[in-house]
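Take a look at the structure below.
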Amino acid sequence: MKRRSLLLGATLALPVGAVAVVADSGASDEEALRDVPELLRNSLPQPHQVLVALDLRPGINSPSHAARELSRVLRQNRRDGTRMGIGLGHGLFADASRRPRQLTMMPSFAGDVLNPAQSHGDALIQIAGSTHQEVQAAREDVVAALTAWQARWQIVGFRAENRTEYGKPLAMNPFHFQEGFGNASGDRGIADRALVRADQNEPAWAVGGSYQVVRIIRLATELWDKDPVHEQERIIGRRRDGRWLDGTPTGDEPNFAADPAGRLTPLDSHVRRAAPDRRNPPPIVRRGYSYDRGHGDRGLIFSCFQRDLAAGFKTVQKRLAGEAMAKYQLTTGGGYFFVPPPGDAWIEALFPA
């Protein structure tokens, strides 16, 4: 049977309860109040997570039923201390007029080798918690309870040395560097970067939601570890402990314009390519995790949220082309998704009676 194109989709962030923040400083406070999706509410992510990509089972022809089931099952299996999420993917929108304007399938960028078995999917749920056992038990319960969905791929992640410093959520990545310094601080800053506003010409139901990018990036850790630390630091553009190469204090932002030739911070370093003006950072919120699947397959589950996919991830990705770190990494999977606003109102909007 040919599978019908449906209206649902895939990734992280189903809300349970709400934290109100101002998402649009140009509107009145009452008009601008938006609930932050659950997985973005606290600036410090949970230390463990699992992502599970789902496809609709063959023969399922009721997107309304499938959407409600997924939302209900996540709520019923939410455990104390865990955060759960759902998002929407391109392939499940039969009606283009209701699809978020920038939501497409994630393309293969230069240097990517996307494995179809580790990419895309009709839905991607995320479960985050304080222990690996906790999130795995919740995953098993959720997947077992779903009748309209089947697993496509999954990946488990963790945040080593997960903590907050300088008002930012930091963690140690597999290259032994601290990351997370570029994130916004607090719910207000997160909402400003991540949540869709009413003036963006998006479908009304999408206001308060967020575009999400997931990238599974395999890192050549053995090759990396052969390089001396000072060379690694020039490739990244920071010291391992987060200090800037030009002497700028760790919690401050350097002025790269004062180093136009890249004598102190190389022009092709990761931090300089990603954000050439550190005082005007990219409008994204990162929620990355490390992974280790054994047999040398280690890397990052890069995840970022933004209200504008073109101004956020896509712009940064273009700038990163040709960076010095490119030879140490290979993106093998992931996808673009749209996180709906908290609650189930989006289901009613997408599937009117």
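Each chain in the structure tokens gets a letter, A, B and so on, in the order shown; residues start at 1 in every chain, and ligands are counted from 1 in the order they appear.
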So which bits of stretch 121-280 of chain A end up strand (DSSP E) when you DSSP the backbone, as a count of residues only? 40
Got a sec: who's within 8 Å of A:Arg234, counting only C-alpha atoms, leaving out chain neighbours fewer than 6 positions off, as a VMD selection string? chain A and resid 245 265 to 266 269
With only C-alpha atoms as the basis for distance, which of A:Val285, A:Met325, A:Ala274, A:Val316 is at the shortest distance from A:Asp227? A:Met325
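In this structure, atom CA of A:Ile217 sits 10.0 Å away from atom CA of A:Val113.
Proximity to A:Arg293 was assessed for A:Gly157, A:Gly209, A:Gly237, A:Gly59 counting only C-alpha atoms; the smallest distance is recorded for A:Gly157.
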Can you tell me which residues surround A:Val271 at a distance of at most 12 Å, considering only C-alpha atoms, apart from same-chain residues fewer than 6 positions away, and format the answer as number ranges by chain? A: 179-182, 233-239, 242, 244-245, 253-254, 256, 265, 277-278, 281-282, 316, 319-320, 323-325
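The protein and nucleic acid residues lying at most 12 Å from A:Ala257 are Asp246, Glu253, Ala261, Gly262, Arg263, Leu264, Thr265, Leu267, Arg272, Ala275, Pro276, Asp277, Arg278 and Arg279 of chain A, with only C-alpha atoms considered and sequence neighbours fewer than 4 positions away removed.
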Any chance you can output those residues with N, CA, C and O atoms as a PDB file, in the first residue's frame?
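What ended up in selection.pdb:
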```pdb
ATOM      1  N   ASP A 246      43.225  35.543  22.580  1.00  0.00           N
ATOM      2  CA  ASP A 246      43.751  36.912  22.585  1.00  0.00           C
ATOM      3  C   ASP A 246      43.823  37.504  23.987  1.00  0.00           C
ATOM      4  O   ASP A 246      44.133  38.688  24.156  1.00  0.00           O
ATOM      5  N   GLU A 253      33.366  38.579  25.634  1.00  0.00           N
ATOM      6  CA  GLU A 253      33.449  38.273  24.208  1.00  0.00           C
ATOM      7  C   GLU A 253      34.606  39.038  23.573  1.00  0.00           C
ATOM      8  O   GLU A 253      34.742  40.248  23.766  1.00  0.00           O
ATOM      9  N   ALA A 261      44.083  39.939  10.790  1.00  0.00           N
ATOM     10  CA  ALA A 261      44.874  38.954  10.058  1.00  0.00           C
ATOM     11  C   ALA A 261      44.828  37.575  10.699  1.00  0.00           C
ATOM     12  O   ALA A 261      45.408  36.622  10.154  1.00  0.00           O
ATOM     13  N   GLY A 262      44.172  37.457  11.833  1.00  0.00           N
ATOM     14  CA  GLY A 262      44.087  36.171  12.497  1.00  0.00           C
ATOM     15  C   GLY A 262      45.384  35.738  13.145  1.00  0.00           C
ATOM     16  O   GLY A 262      45.640  34.546  13.286  1.00  0.00           O
ATOM     17  N   ARG A 263      46.191  36.705  13.582  1.00  0.00           N
ATOM     18  CA  ARG A 263      47.466  36.360  14.213  1.00  0.00           C
ATOM     19  C   ARG A 263      47.250  35.657  15.556  1.00  0.00           C
ATOM     20  O   ARG A 263      47.954  34.718  15.900  1.00  0.00           O
ATOM     21  N   LEU A 264      46.255  36.139  16.320  1.00  0.00           N
ATOM     22  CA  LEU A 264      45.977  35.558  17.630  1.00  0.00           C
ATOM     23  C   LEU A 264      44.936  34.448  17.537  1.00  0.00           C
ATOM     24  O   LEU A 264      45.118  33.365  18.080  1.00  0.00           O
ATOM     25  N   THR A 265      43.828  34.736  16.859  1.00  0.00           N
ATOM     26  CA  THR A 265      42.763  33.747  16.651  1.00  0.00           C
ATOM     27  C   THR A 265      42.647  33.505  15.155  1.00  0.00           C
ATOM     28  O   THR A 265      42.174  34.373  14.420  1.00  0.00           O
ATOM     29  N   LEU A 267      41.849  32.844  11.326  1.00  0.00           N
ATOM     30  CA  LEU A 267      40.627  33.157  10.589  1.00  0.00           C
ATOM     31  C   LEU A 267      39.797  31.922  10.281  1.00  0.00           C
ATOM     32  O   LEU A 267      38.579  32.015  10.102  1.00  0.00           O
ATOM     33  N   ARG A 272      35.725  31.434  15.267  1.00  0.00           N
ATOM     34  CA  ARG A 272      35.728  32.652  14.452  1.00  0.00           C
ATOM     35  C   ARG A 272      34.868  32.488  13.208  1.00  0.00           C
ATOM     36  O   ARG A 272      34.191  33.422  12.784  1.00  0.00           O
ATOM     37  N   ALA A 275      31.074  32.453  14.514  1.00  0.00           N
ATOM     38  CA  ALA A 275      30.573  33.748  14.998  1.00  0.00           C
ATOM     39  C   ALA A 275      31.677  34.794  14.838  1.00  0.00           C
ATOM     40  O   ALA A 275      32.386  35.103  15.795  1.00  0.00           O
ATOM     41  N   PRO A 276      31.831  35.348  13.650  1.00  0.00           N
ATOM     42  CA  PRO A 276      32.905  36.320  13.423  1.00  0.00           C
ATOM     43  C   PRO A 276      32.762  37.584  14.273  1.00  0.00           C
ATOM     44  O   PRO A 276      33.745  38.259  14.538  1.00  0.00           O
ATOM     45  N   ASP A 277      31.536  37.891  14.692  1.00  0.00           N
ATOM     46  CA  ASP A 277      31.303  38.998  15.625  1.00  0.00           C
ATOM     47  C   ASP A 277      30.723  38.409  16.899  1.00  0.00           C
ATOM     48  O   ASP A 277      29.520  38.210  17.016  1.00  0.00           O
ATOM     49  N   ARG A 278      31.588  38.101  17.840  1.00  0.00           N
ATOM     50  CA  ARG A 278      31.145  37.427  19.062  1.00  0.00           C
ATOM     51  C   ARG A 278      30.207  38.282  19.888  1.00  0.00           C
ATOM     52  O   ARG A 278      29.488  37.777  20.739  1.00  0.00           O
ATOM     53  N   ARG A 279      30.199  39.580  19.647  1.00  0.00           N
ATOM     54  CA  ARG A 279      29.321  40.469  20.411  1.00  0.00           C
ATOM     55  C   ARG A 279      27.928  40.563  19.777  1.00  0.00           C
ATOM     56  O   ARG A 279      27.037  41.199  20.305  1.00  0.00           O
TER      57      ARG A 279
END
```
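The smallest atom-to-atom distance between A:Pro58 and any of A:Thr147, A:Thr331, A:Asn280, A:Gln212, using only C-alpha atoms, is found for A:Thr147.
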Non-local contacts of A:Leu40 (9 Å; only C-alpha atoms; under 5 positions in same chain excluded) as a PyMOL selection string: chain A and resi 13+45+187+190-191+194+285+287+305
Emit the selected residues as a compact mmCIF listing (two decimals), in the first residue's frame, including all heavy atoms.
```
# COMPACT_ATOMS: atom_id res chain seq x y z
N ALA A 13 10.45 18.38 21.96
CA ALA A 13 9.97 19.44 22.81
C ALA A 13 8.48 19.48 23.01
O ALA A 13 7.79 20.34 22.53
CB ALA A 13 10.43 20.78 22.36
N PRO A 45 20.79 21.83 30.39
CA PRO A 45 20.12 20.60 29.95
C PRO A 45 20.35 19.46 30.94
O PRO A 45 21.31 19.46 31.72
CB PRO A 45 20.79 20.31 28.60
CG PRO A 45 21.44 21.58 28.19
CD PRO A 45 21.82 22.26 29.46
N ASP A 187 15.62 32.33 30.49
CA ASP A 187 14.48 32.05 29.63
C ASP A 187 14.22 33.17 28.62
O ASP A 187 13.85 32.92 27.48
CB ASP A 187 13.23 31.82 30.47
CG ASP A 187 13.23 30.46 31.17
OD1 ASP A 187 13.93 29.56 30.68
OD2 ASP A 187 12.55 30.32 32.19
N ILE A 190 16.74 32.87 25.82
CA ILE A 190 16.45 31.67 25.04
C ILE A 190 15.26 31.90 24.13
O ILE A 190 15.28 31.59 22.94
CB ILE A 190 16.20 30.48 25.99
CG1 ILE A 190 17.50 30.06 26.67
CG2 ILE A 190 15.59 29.29 25.23
CD1 ILE A 190 17.33 29.03 27.76
N ALA A 191 14.19 32.48 24.69
CA ALA A 191 12.98 32.73 23.91
C ALA A 191 13.25 33.68 22.76
O ALA A 191 12.74 33.51 21.65
CB ALA A 191 11.88 33.26 24.81
N ALA A 194 15.02 31.59 20.11
CA ALA A 194 14.48 30.30 19.68
C ALA A 194 13.04 30.32 19.22
O ALA A 194 12.66 29.51 18.37
CB ALA A 194 14.63 29.28 20.81
N VAL A 285 19.99 28.55 19.85
CA VAL A 285 20.18 28.00 21.20
C VAL A 285 20.65 26.57 21.04
O VAL A 285 19.92 25.74 20.47
CB VAL A 285 18.87 28.05 22.02
CG1 VAL A 285 19.08 27.37 23.37
CG2 VAL A 285 18.41 29.49 22.21
N ARG A 287 21.73 22.78 22.20
CA ARG A 287 21.46 21.77 23.21
C ARG A 287 22.17 20.48 22.80
O ARG A 287 21.56 19.47 22.49
CB ARG A 287 19.94 21.53 23.33
CG ARG A 287 19.19 22.62 24.06
CD ARG A 287 19.54 22.58 25.55
NE ARG A 287 18.79 23.57 26.33
CZ ARG A 287 19.22 24.79 26.58
NH1 ARG A 287 20.37 25.20 26.07
NH2 ARG A 287 18.52 25.61 27.31
N PHE A 305 18.16 25.19 18.36
CA PHE A 305 16.83 25.73 18.16
C PHE A 305 16.95 27.18 17.70
O PHE A 305 17.84 27.91 18.14
CB PHE A 305 16.02 25.67 19.45
CG PHE A 305 15.82 24.28 20.01
CD1 PHE A 305 16.81 23.66 20.73
CD2 PHE A 305 14.62 23.61 19.81
CE1 PHE A 305 16.63 22.38 21.26
CE2 PHE A 305 14.42 22.34 20.32
CZ PHE A 305 15.43 21.72 21.05
```
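Using only C-alpha atoms, the shortest contact distance between A:Phe313 and any of A:Ala206, A:Met106, A:Ala137, A:Ala160 is found at A:Met106.
Atom pair atom CA of A:His270 / atom CA of A:Tyr328 has a distance of 11.8 Å (rounded to one decimal).
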To one decimal place in Å, what is the distance between atom CA of A:Gly81 and atom CA of A:Gln136? 13.5 Å
From stretch 46-197 of chain A, collect each residue whose DSSP state is helix (DSSP H, G or I) and return the set as a PyMOL selection string. chain A and resi 63-76+90-92+96-98+116-118+132-145+186-194
For those residues, write C-alpha atoms to a file as an mmCIF file, in the first residue's frame.
```cif
data_model
loop_
_atom_site.group_PDB
_atom_site.id
_atom_site.type_symbol
_atom_site.label_atom_id
_atom_site.label_comp_id
_atom_site.auth_asym_id
_atom_site.auth_seq_id
_atom_site.Cartn_x
_atom_site.Cartn_y
_atom_site.Cartn_z
ATOM 1 C CA PRO A 63 -2.658 11.828 11.179
ATOM 2 C CA SER A 64 -5.010 13.163 13.838
ATOM 3 C CA HIS A 65 -5.047 9.836 15.681
ATOM 4 C CA ALA A 66 -1.283 9.408 15.346
ATOM 5 C CA ALA A 67 -0.557 12.901 16.650
ATOM 6 C CA ARG A 68 -2.844 12.523 19.634
ATOM 7 C CA GLU A 69 -1.426 9.113 20.457
ATOM 8 C CA LEU A 70 2.149 10.392 20.415
ATOM 9 C CA SER A 71 1.297 13.359 22.640
ATOM 10 C CA ARG A 72 -0.699 11.217 25.047
ATOM 11 C CA VAL A 73 1.906 8.463 25.342
ATOM 12 C CA LEU A 74 4.662 10.935 26.139
ATOM 13 C CA ARG A 75 2.567 12.552 28.855
ATOM 14 C CA GLN A 76 1.561 9.228 30.393
ATOM 15 C CA HIS A 90 8.543 18.055 6.714
ATOM 16 C CA GLY A 91 7.340 14.714 5.385
ATOM 17 C CA LEU A 92 4.130 14.674 7.389
ATOM 18 C CA ALA A 96 1.872 23.074 2.522
ATOM 19 C CA SER A 97 -0.112 26.108 3.690
ATOM 20 C CA ARG A 98 0.069 24.813 7.266
ATOM 21 C CA PRO A 116 19.347 7.421 5.295
ATOM 22 C CA ALA A 117 18.899 4.938 8.141
ATOM 23 C CA GLN A 118 20.114 7.614 10.593
ATOM 24 C CA HIS A 132 21.199 6.773 31.441
ATOM 25 C CA GLN A 133 19.028 4.080 33.012
ATOM 26 C CA GLU A 134 16.228 6.561 33.618
ATOM 27 C CA VAL A 135 15.992 7.758 30.029
ATOM 28 C CA GLN A 136 16.348 4.258 28.573
ATOM 29 C CA ALA A 137 13.541 2.909 30.761
ATOM 30 C CA ALA A 138 11.300 5.784 29.704
ATOM 31 C CA ARG A 139 12.189 5.189 26.044
ATOM 32 C CA GLU A 140 11.252 1.528 26.281
ATOM 33 C CA ASP A 141 7.891 2.373 27.827
ATOM 34 C CA VAL A 142 7.107 5.039 25.225
ATOM 35 C CA VAL A 143 8.050 2.966 22.175
ATOM 36 C CA ALA A 144 6.159 -0.083 23.486
ATOM 37 C CA ALA A 145 2.993 1.978 23.966
ATOM 38 C CA GLY A 186 17.950 32.716 31.014
ATOM 39 C CA ASP A 187 14.476 32.048 29.625
ATOM 40 C CA ARG A 188 14.134 35.530 28.137
ATOM 41 C CA GLY A 189 17.344 35.205 26.119
ATOM 42 C CA ILE A 190 16.453 31.668 25.045
ATOM 43 C CA ALA A 191 12.983 32.725 23.908
ATOM 44 C CA ASP A 192 14.334 35.689 21.964
ATOM 45 C CA ARG A 193 16.586 33.440 19.894
ATOM 46 C CA ALA A 194 14.485 30.298 19.680
#
```
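Among A:Pro107, A:Pro174, A:Pro169, A:Pro341, the residue with the shortest atom-to-atom distance to A:Ser290, counting only C-alpha atoms, is A:Pro174.
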